[in-house]
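Scroll down for the structure; my scribbles are underneath it.
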Amino acid sequence: MRTTDTVVIGAGQAGLAASRCLTDRGRDHVVLERGRIGQRWRSDTWDSLHLLTPNWMNTLPGEAYRGPDPNGFSSAAAFYGHLTRYAESAGVPVEEHSAVRLLRKRDHRFEVDTDRAVWLAANVIIATGWCDRPAVPAAACALPADIHQVVPGEYRNPGSLPDGGVLVVGVSATGAQLADELRAAGRDVTIAVGGHTRMPRNYRGMDIYYWLDRLGLLDTTIDEMPDRMLARHEPSAQVVGRPDHRRLDLATLQADGVRLAGRVLAIDGYRVRLATDLPATVASADQRMRQLLRRIDQHIEANGLGDEMLAADRPPAVSPARAVGDLDLRAAGIGTVVWATGYRRSYPWLRLPVLDPSGEIRQRRGRTPVPGLYVLGQRFQHYRSSNFIGGVGRDAAFVADHIADRHPAACACAGC
Ligand SMILES: Cc1cc2nc3c(=O)[nH]c(=O)nc-3n(C[C@H](O)[C@H](O)[C@H](O)COP(=O)(O)OP(=O)(O)OC[C@H]3O[C@@H](n4cnc5c(N)ncnc54)[C@H](O)[C@@H]3O)c2cc1C
């Protein structure tokens, strides 16, 4: 049996940020990681994945970007290398290859069982990630066995898929990138389009994240949002991080020969029934993009920045009229379905009453209803940027302050 003040579960950016903030406050802790530091970036990514956020944004507590390319986009491999060096320099007490199997209350403390040890702690921070498991619709089960199915965390590159056409389901950042890559490799690609957030990579000469930051949109809090549930499930921005900073959206995909289809409604063997609301879906995404671009224009005008910025350049419209109808996969020569349909969370080891009916951890600014139990890295945990690399640090500091302020009697250290 080992004791500590705080157990942090997970050594991604959220767990490392928590550790750094606890160290800064002199709190004893351990970080338990089932794989290696930054495991998600090592194993759940495809070969060409680069971060979507520019380098200047991707900083953790206590660091500032000092590299040569603030506007560049790090590869996944470079980023987990960075996380590993950060952990070393921050002295993160991480125990790798320690998967948490059970978290429960034992008397007034938490018991955390891993496959290697049992820990007792006064506090626990769950930092196992928002993008924990792929969220694949139940309809996937109705596909015939000879249709290859893959989720983004298992996809590696076009060569890793069987020959033939591909149906990509989902058109947020991941679906758009994979459709683009597969099409560039000569595949016949159809993309099933659901609700999405369209944004140009650059606008008026600056990266879109520069504008989101400048307009304060990344700092919007969940309390300012009219519908918390909707806010937490906002589709991720449809962007790609490439050296040429090029735009990736339905218009570019369509121009490159990707066929657009409505969202998947039902599957019966090779028959895929598709929604007919594509024009409305596309119009709604375009309208929200135009609103954002208008806000940027207004900001430029209000701050007298017009002379410094490039002229307004609206991305071209998408033509949903050319969308395909219901699909017969066999007739269309489609042998693979890529489910780029987002992520869900799963906490099979959590034996504490903190999950809501949909299985999400109930929390407010990271504090759960169980005193001493915290969570980090949730989508819109408090800020819109809460689950961004550069956003989690603020929440980690808030949680660490809360832990540091807890009554010393709650401390699990031997001397308390
Ligand atoms: C494809 C993709 C691209 C993204 N690109 C960007 C980007 O460009 N910029 C940006 O700001 N954000 C990006 N994000 C969003 C976010 O930054 C990442 O999801 C990031 O990995 C979240 O970090 P985290 O520490 O919260 O969770 P994770 O990185 O998922 O870390 C959780 C850790 O917990 C470990 N773990 C899980 N269960 C257990 C257990 N039972 N016991 C012990 N350890 C456990 C896992 O192995 C993992 O290492 C991206 C997300 C995805 C999916």
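So you can find residues: chains in the structure tokens are A, B, ... in the order shown, residues in each start at 1, and ligands are numbered from 1 in order.
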Pick out each residue of segment 120-327 of chain A that DSSP on the backbone tags as strand (DSSP E); I need them as a VMD selection string. chain A and resid 120 to 126 133 to 134 148 to 150 165 to 169 189 to 192 197 to 198 202 to 203 206 to 207 237 to 238 259 to 261 264 to 268 271 to 274 327
If the limit is 8 Å from any atom of ligand 1, counting only C-alpha atoms and all ligand atoms, which residues qualify? Return them as JSON, numbers by chain. {"A": [9, 10, 11, 12, 13, 14, 15, 16, 32, 33, 34, 35, 36, 37, 38, 39, 40, 41, 44, 45, 49, 50, 51, 52, 53, 54, 57, 58, 73, 97, 98, 99, 100, 101, 114, 127, 128, 129, 130, 131, 132, 152, 153, 173, 174, 241, 343, 347, 349, 376, 377, 378, 385, 387, 388, 389, 390, 391, 392]}
Who sits within 7 Å of segment 306-316 of chain A, only C-alpha atoms, same chain under 4 positions skipped, as a VMD selection string: chain A and resid 200 204 to 205 251 300 to 301
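Scanning segment 13-45 of chain A with DSSP on the backbone, the helix (DSSP H, G or I) assignments fall on Gln13, Ala14, Gly15, Leu16, Ala17, Ala18, Ser19, Arg20, Cys21, Leu22, Thr23, Asp24, Gln39, Arg40, Trp41, Arg42 and Ser43 of chain A.
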How about saving the chosen residues, N, CA, C and O atoms kept, as an mmCIF file, in the first residue's frame?
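Resulting contents of result-v6.cif:
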```
data_model
loop_
_atom_site.group_PDB
_atom_site.id
_atom_site.type_symbol
_atom_site.label_atom_id
_atom_site.label_comp_id
_atom_site.auth_asym_id
_atom_site.auth_seq_id
_atom_site.Cartn_x
_atom_site.Cartn_y
_atom_site.Cartn_z
ATOM 1 N N GLN A 13 -1.395 15.787 -21.706
ATOM 2 C CA GLN A 13 -1.131 17.189 -21.340
ATOM 3 C C GLN A 13 -1.838 17.597 -20.045
ATOM 4 O O GLN A 13 -1.304 18.365 -19.241
ATOM 5 N N ALA A 14 -3.068 17.065 -19.808
ATOM 6 C CA ALA A 14 -3.833 17.475 -18.624
ATOM 7 C C ALA A 14 -3.156 16.958 -17.353
ATOM 8 O O ALA A 14 -3.001 17.705 -16.379
ATOM 9 N N GLY A 15 -2.758 15.692 -17.363
ATOM 10 C CA GLY A 15 -2.102 15.119 -16.181
ATOM 11 C C GLY A 15 -0.770 15.799 -15.898
ATOM 12 O O GLY A 15 -0.424 16.074 -14.743
ATOM 13 N N LEU A 16 -0.027 16.106 -16.955
ATOM 14 C CA LEU A 16 1.280 16.762 -16.765
ATOM 15 C C LEU A 16 1.091 18.191 -16.256
ATOM 16 O O LEU A 16 1.838 18.657 -15.390
ATOM 17 N N ALA A 17 0.085 18.879 -16.798
ATOM 18 C CA ALA A 17 -0.180 20.250 -16.321
ATOM 19 C C ALA A 17 -0.576 20.225 -14.847
ATOM 20 O O ALA A 17 -0.131 21.057 -14.047
ATOM 21 N N ALA A 18 -1.405 19.225 -14.476
ATOM 22 C CA ALA A 18 -1.818 19.104 -13.066
ATOM 23 C C ALA A 18 -0.595 18.884 -12.188
ATOM 24 O O ALA A 18 -0.451 19.503 -11.125
ATOM 25 N N SER A 19 0.285 18.001 -12.647
ATOM 26 C CA SER A 19 1.477 17.698 -11.852
ATOM 27 C C SER A 19 2.330 18.944 -11.639
ATOM 28 O O SER A 19 2.760 19.246 -10.522
ATOM 29 N N ARG A 20 2.539 19.675 -12.719
ATOM 30 C CA ARG A 20 3.365 20.888 -12.609
ATOM 31 C C ARG A 20 2.735 21.879 -11.607
ATOM 32 O O ARG A 20 3.417 22.458 -10.765
ATOM 33 N N CYS A 21 1.412 22.029 -11.652
ATOM 34 C CA CYS A 21 0.734 22.975 -10.756
ATOM 35 C C CYS A 21 0.764 22.488 -9.313
ATOM 36 O O CYS A 21 0.894 23.296 -8.385
ATOM 37 N N LEU A 22 0.673 21.174 -9.108
ATOM 38 C CA LEU A 22 0.751 20.643 -7.737
ATOM 39 C C LEU A 22 2.164 20.826 -7.190
ATOM 40 O O LEU A 22 2.356 21.200 -6.029
ATOM 41 N N THR A 23 3.160 20.576 -8.030
ATOM 42 C CA THR A 23 4.556 20.775 -7.605
ATOM 43 C C THR A 23 4.777 22.228 -7.213
ATOM 44 O O THR A 23 5.394 22.518 -6.179
ATOM 45 N N ASP A 24 4.261 23.153 -8.038
ATOM 46 C CA ASP A 24 4.426 24.584 -7.735
ATOM 47 C C ASP A 24 3.823 24.939 -6.377
ATOM 48 O O ASP A 24 4.237 25.907 -5.740
ATOM 49 N N GLN A 39 0.748 9.029 -24.268
ATOM 50 C CA GLN A 39 0.438 7.769 -24.960
ATOM 51 C C GLN A 39 -0.521 7.966 -26.133
ATOM 52 O O GLN A 39 -0.362 7.363 -27.187
ATOM 53 N N ARG A 40 -1.498 8.847 -25.954
ATOM 54 C CA ARG A 40 -2.501 9.026 -26.998
ATOM 55 C C ARG A 40 -1.851 9.483 -28.305
ATOM 56 O O ARG A 40 -2.248 9.069 -29.378
ATOM 57 N N TRP A 41 -0.841 10.338 -28.184
ATOM 58 C CA TRP A 41 -0.175 10.865 -29.386
ATOM 59 C C TRP A 41 0.773 9.830 -29.981
ATOM 60 O O TRP A 41 1.208 9.956 -31.117
ATOM 61 N N ARG A 42 1.118 8.814 -29.200
ATOM 62 C CA ARG A 42 2.011 7.759 -29.707
ATOM 63 C C ARG A 42 1.230 6.710 -30.478
ATOM 64 O O ARG A 42 1.684 6.220 -31.498
ATOM 65 N N SER A 43 0.038 6.351 -29.942
ATOM 66 C CA SER A 43 -0.616 5.157 -30.491
ATOM 67 C C SER A 43 -1.947 5.408 -31.182
ATOM 68 O O SER A 43 -2.373 4.585 -31.977
#
```
Residues near Val118 of chain A, cut-off 9 Å, only C-alpha atoms, skip fewer than 3 positions along chain, as a VMD selection string: chain A and resid 1 to 3 111 to 115
With N, CA and C atoms retained, export the selected residues as a PDB file, in the first residue's frame.
```pdb
ATOM      1  N   MET A   1       0.857  -1.199   0.000  1.00  0.00           N
ATOM      2  CA  MET A   1       0.000   0.000   0.000  1.00  0.00           C
ATOM      3  C   MET A   1       0.892   1.249   0.000  1.00  0.00           C
ATOM      4  N   ARG A   2       0.635   2.158  -0.964  1.00  0.00           N
ATOM      5  CA  ARG A   2       1.450   3.384  -1.018  1.00  0.00           C
ATOM      6  C   ARG A   2       0.538   4.585  -0.794  1.00  0.00           C
ATOM      7  N   THR A   3       1.059   5.621  -0.181  1.00  0.00           N
ATOM      8  CA  THR A   3       0.210   6.786   0.104  1.00  0.00           C
ATOM      9  C   THR A   3       0.806   8.038  -0.532  1.00  0.00           C
ATOM     10  N   GLU A 111      -8.979   4.998  -2.666  1.00  0.00           N
ATOM     11  CA  GLU A 111      -8.118   3.852  -2.979  1.00  0.00           C
ATOM     12  C   GLU A 111      -8.023   3.762  -4.495  1.00  0.00           C
ATOM     13  N   VAL A 112      -6.794   3.754  -4.991  1.00  0.00           N
ATOM     14  CA  VAL A 112      -6.567   3.685  -6.439  1.00  0.00           C
ATOM     15  C   VAL A 112      -5.740   2.424  -6.708  1.00  0.00           C
ATOM     16  N   ASP A 113      -6.358   1.445  -7.344  1.00  0.00           N
ATOM     17  CA  ASP A 113      -5.641   0.192  -7.627  1.00  0.00           C
ATOM     18  C   ASP A 113      -5.126   0.209  -9.057  1.00  0.00           C
ATOM     19  N   THR A 114      -3.855  -0.055  -9.219  1.00  0.00           N
ATOM     20  CA  THR A 114      -3.313  -0.237 -10.565  1.00  0.00           C
ATOM     21  C   THR A 114      -2.895  -1.698 -10.691  1.00  0.00           C
ATOM     22  N   ASP A 115      -2.424  -2.077 -11.870  1.00  0.00           N
ATOM     23  CA  ASP A 115      -1.960  -3.453 -11.994  1.00  0.00           C
ATOM     24  C   ASP A 115      -0.624  -3.658 -11.280  1.00  0.00           C
TER      25      ASP A 115
END
```
Just give me the gap between atom CA of Asp328 of chain A and atom CA of Arg263 of chain A in Å, one decimal is fine.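 According to the coordinates, atom CA of Asp328 of chain A and atom CA of Arg263 of chain A are separated by 14.7 Å.
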Do a neighbour search on segment 212-221 of chain A at 6 Å with only C-alpha atoms, toss out local chain neighbours closer than 3 positions, and write the hits as JSON, numbers by chain. {"A": [209, 224, 382, 383, 384, 385]}
Find the spatial neighbours of Asn157 of chain A, counting only C-alpha atoms, within a cut-off of 9 Å - ignore same-chain residues fewer than 3 positions away - and output them as an NGL selection string. :A and (46-48 or 160-161 or 178 or 181-182)
Measuring between only C-alpha atoms, which one of A:Arg351, A:Glu96, A:Leu292, A:Gly175 shows the shortest distance to Val370 of chain A?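 Of A:Arg351, A:Glu96, A:Leu292, A:Gly175, the one nearest Val370 of chain A is A:Arg351, counting only C-alpha atoms.
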Any idea what the distance is between atom CA of Val7 of chain A and atom CA of Ala122 of chain A?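 Between these atoms lies a distance of 8.3 Å.
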Looking at only C-alpha atoms, which of A:Glu63, A:Phe79, A:Met199, A:Leu167 is the one that sits closest to Arg290 of chain A?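 Smallest separation from Arg290 of chain A among the options: A:Met199.
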A straight line from atom CA of Ala237 of chain A to atom CA of Thr197 of chain A spans 5.0 Å
Would you please work out which residue, of A:Leu253, A:Gly262, A:Leu60, A:Val272, is nearest to Ala331 of chain A when using only C-alpha atoms? A:Val272
So, with only C-alpha atoms as the atoms that count, which of A:Gly342, A:Pro279, A:Pro357, A:Gly62 lies closest to Ser319 of chain A?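 Distance minimum relative to Ser319 of chain A lands on A:Pro279.
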Option closest in space to Gly335 of chain A, from A:Arg379, A:Arg406, A:Arg183, A:His148 [counting only C-alpha atoms]: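 Of the candidates, the smallest distance to Gly335 of chain A is held by A:His148.
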Counting only C-alpha atoms, the option among A:Ala135, A:Leu143, A:Ala332, A:Ala64 closest to Val189 of chain A: A:Ala332
